[in-house]
Amino acid sequence: MFEHCSLCFRVRMAAALKRLHLQETVVLDDDSDTMIGLAGKRVIPILVKNCGHPMLESMDMVSYVDSIGRPVLTGPERGEIAAWSDKVVAKTGPLTMARYPLLGLPEFATAAALDHYILRKRKSFGDFVELRANTRRYIKGLMPDLEELDRLIETPSAINGKLSRDDIRVLPLLRSAAVVKGLTFPSKVRAYFETMMDQIGFQPLPVV
Ligand SMILES: N[C@@H](CCC(=O)N[C@@H](CS)C(=O)NCC(=O)O)C(=O)O
């Protein structure tokens, strides 16, 4: 996993909700060899089951983790929440991608790993300094989506009133968005974010 990765956080969140131990290994961004050795290709997250079999799809990993013992993600799912998650990723990326390297995260612990990340993300998102310089514009673009989410949240401890896969879709995206200094969550979004992070026992990432 990478510490900054929201897909990885889906799996970590599912394990935490179940109070299951998940052995977490952070790889350096340039350590493709480890990923290829486990999964046959460069991909994150990878869940290696106790039998040694690797899983490569985060939502399959969530289902697998939830199937151990009594399931907790039993609440209803709403199409609006999945649609919200799908569309918001494009709006958070320009804000978050250029900030992750500033957070002192373990996947960027060497100069080579950090530069590897910057080079590959610069290809899809553009220059990081320019992205950060346009923070206000990107926040403005994201706020209507956060207001929409505010209207969709049913309770602070489960987006649809009872824990479901929709919580797994949304909380990791909020954890990522929360790294942006100057981005204020609407009140129900903030309450949901704080309650859920508390429920799973994770501190938010640093804010820059
Ligand atoms: N369907 C996969 C998608 C995985 C995925 O897109 N992972 C990205 C990281 S967020 C990745 O592996 N990128 C390759 C890289 O980091 O070089 C899942 O949900 O687990």
# chains A, B, ... in the order shown; residues from 1 in each chain; ligands from 1
>>> residues_around(residues="stretch 143-152 of chain A", least_positions_apart="3", cutoff="7 Å", atoms="only C-alpha atoms", output="list of chain:residue names")
A:Ile139, A:Lys140, A:Phe185, A:Pro186, A:Lys188, A:Val189
>>> write_last_selection(atoms="C-alpha atoms", output="short mmCIF file (atom, residue, chain, number, x, y, z; two decimals), in the first residue's frame")
data_model
loop_
_atom_site.label_atom_id
_atom_site.label_comp_id
_atom_site.auth_asym_id
_atom_site.auth_seq_id
_atom_site.Cartn_x
_atom_site.Cartn_y
_atom_site.Cartn_z
CA ILE A 139 -11.52 24.38 -4.06
CA LYS A 140 -14.23 26.51 -5.65
CA PHE A 185 -16.08 20.80 4.84
CA PRO A 186 -19.80 21.66 5.18
CA LYS A 188 -22.61 17.41 8.06
CA VAL A 189 -19.60 16.36 5.99
#
>>> residues_near_ligand(ligand="ligand 1", cutoff="9 Å", atoms="only C-alpha atoms and all ligand atoms", output="compact mmCIF listing (two decimals) with N, CA and C atoms, in the first residue's frame")
# COMPACT_ATOMS: atom_id res chain seq x y z
N MET A 1 0.83 -1.20 0.00
CA MET A 1 0.00 0.00 0.00
C MET A 1 0.86 1.24 0.00
N PHE A 2 0.23 2.37 -0.36
CA PHE A 2 0.79 3.70 -0.12
C PHE A 2 -0.07 4.35 0.96
N HIS A 4 -0.85 7.41 1.20
CA HIS A 4 -1.75 8.46 0.67
C HIS A 4 -2.91 7.88 -0.15
N CYS A 5 -2.86 6.60 -0.45
CA CYS A 5 -3.76 6.01 -1.46
C CYS A 5 -5.17 5.79 -0.90
N SER A 6 -6.16 6.39 -1.56
CA SER A 6 -7.54 6.27 -1.05
C SER A 6 -8.10 4.87 -1.28
N LEU A 7 -7.66 4.19 -2.34
CA LEU A 7 -8.13 2.81 -2.57
C LEU A 7 -7.58 1.88 -1.49
N CYS A 8 -6.34 2.14 -1.08
CA CYS A 8 -5.76 1.36 0.02
C CYS A 8 -6.55 1.62 1.31
N ARG A 10 -9.60 2.19 1.66
CA ARG A 10 -10.86 1.42 1.68
C ARG A 10 -10.67 0.12 2.46
N ASP A 29 7.49 4.46 -3.69
CA ASP A 29 6.80 4.70 -4.96
C ASP A 29 7.52 4.07 -6.15
N ASP A 30 8.84 3.97 -6.07
CA ASP A 30 9.59 3.41 -7.20
C ASP A 30 9.84 1.90 -7.06
N SER A 32 8.51 -0.88 -7.96
CA SER A 32 7.62 -1.69 -8.83
C SER A 32 7.93 -3.17 -8.67
N LYS A 41 2.10 -7.28 -11.81
CA LYS A 41 2.08 -5.97 -12.46
C LYS A 41 2.21 -4.88 -11.40
N ARG A 42 2.43 -3.64 -11.88
CA ARG A 42 2.51 -2.51 -10.96
C ARG A 42 1.09 -2.08 -10.61
N VAL A 43 0.68 -2.32 -9.40
CA VAL A 43 -0.66 -1.95 -8.94
C VAL A 43 -0.68 -1.83 -7.42
N ILE A 44 -1.52 -0.94 -6.94
CA ILE A 44 -1.69 -0.70 -5.51
C ILE A 44 -3.18 -0.47 -5.29
N PRO A 45 -3.85 -1.00 -4.31
CA PRO A 45 -3.34 -1.88 -3.27
C PRO A 45 -3.28 -3.35 -3.72
N ILE A 46 -2.49 -4.12 -2.97
CA ILE A 46 -2.47 -5.57 -3.14
C ILE A 46 -2.78 -6.16 -1.76
N MET A 55 -4.93 -10.43 -3.96
CA MET A 55 -6.13 -9.81 -4.53
C MET A 55 -5.74 -8.43 -5.05
N LEU A 56 -6.37 -8.01 -6.16
CA LEU A 56 -5.93 -6.76 -6.82
C LEU A 56 -7.02 -5.70 -6.93
N GLU A 57 -8.24 -6.02 -6.55
CA GLU A 57 -9.33 -5.04 -6.65
C GLU A 57 -9.77 -4.60 -5.25
N SER A 58 -9.71 -3.31 -4.98
CA SER A 58 -9.96 -2.84 -3.62
C SER A 58 -11.36 -3.21 -3.11
N MET A 59 -12.37 -3.10 -3.96
CA MET A 59 -13.72 -3.42 -3.48
C MET A 59 -13.89 -4.93 -3.24
N ASP A 60 -13.17 -5.76 -4.02
CA ASP A 60 -13.17 -7.21 -3.75
C ASP A 60 -12.49 -7.47 -2.40
N MET A 61 -11.42 -6.72 -2.15
CA MET A 61 -10.72 -6.87 -0.86
C MET A 61 -11.64 -6.52 0.29
N TYR A 117 7.48 9.52 -8.17
CA TYR A 117 6.07 9.93 -8.03
C TYR A 117 5.82 11.24 -8.79
N ARG A 120 5.77 10.75 -12.61
CA ARG A 120 4.62 10.04 -13.21
C ARG A 120 3.33 10.82 -13.02
N LYS A 121 3.17 11.50 -11.90
CA LYS A 121 1.92 12.26 -11.69
C LYS A 121 1.91 13.56 -12.50
>>> residues_around(residues="A:Leu142", least_positions_apart="3", cutoff="10 Å", atoms="only C-alpha atoms", output="number ranges by chain")
A: 88-92, 95, 136-139, 145-147, 177, 183
>>> residues_around(residues="A:Leu17", least_positions_apart="5", cutoff="12 Å", atoms="only C-alpha atoms", output="PyMOL selection string")
chain A and resi 9-12+22+62+65-66+68+70-73+157-158+163-165+167-168+196-202
>>> select_by_dssp(residues="stretch 33-155 of chain A", states="strand (DSSP E or B)", output="PyMOL selection string")
chain A and resi 47-48+54-55+155
>>> select_by_dssp(residues="stretch 59-112 of chain A", states="alpha helix (DSSP H)", output="MDAnalysis selection string")
chainID A and resid 59:66 79:96 111:112
>>> residues_around(residues="A:Gly93", least_positions_apart="6", cutoff="10 Å", atoms="only C-alpha atoms", output="list in words")
Arg99, Ser124, Phe125, Leu131, Tyr138, Leu173, Ser176 and Ala177 of chain A
>>> write_last_selection(atoms="C-alpha atoms", output="PDB file, in the first residue's frame")
ATOM      1  CA  ARG A  99       0.259  17.856  -1.772  1.00  0.00           C
ATOM      2  CA  SER A 124      -1.344  13.252 -15.832  1.00  0.00           C
ATOM      3  CA  PHE A 125      -1.903  16.292 -13.593  1.00  0.00           C
ATOM      4  CA  LEU A 131      -1.509  23.006  -9.312  1.00  0.00           C
ATOM      5  CA  TYR A 138      -9.894  23.968  -7.493  1.00  0.00           C
ATOM      6  CA  LEU A 173     -12.047  10.421  -0.551  1.00  0.00           C
ATOM      7  CA  SER A 176      -7.682  12.685   0.878  1.00  0.00           C
ATOM      8  CA  ALA A 177      -9.521  15.994   0.431  1.00  0.00           C
TER       9      ALA A 177
END
>>> closest_residue(among="A:Gln203, A:Pro101, A:Glu107, A:Pro172", to="A:Thr25", atoms="only C-alpha atoms")
A:Glu107
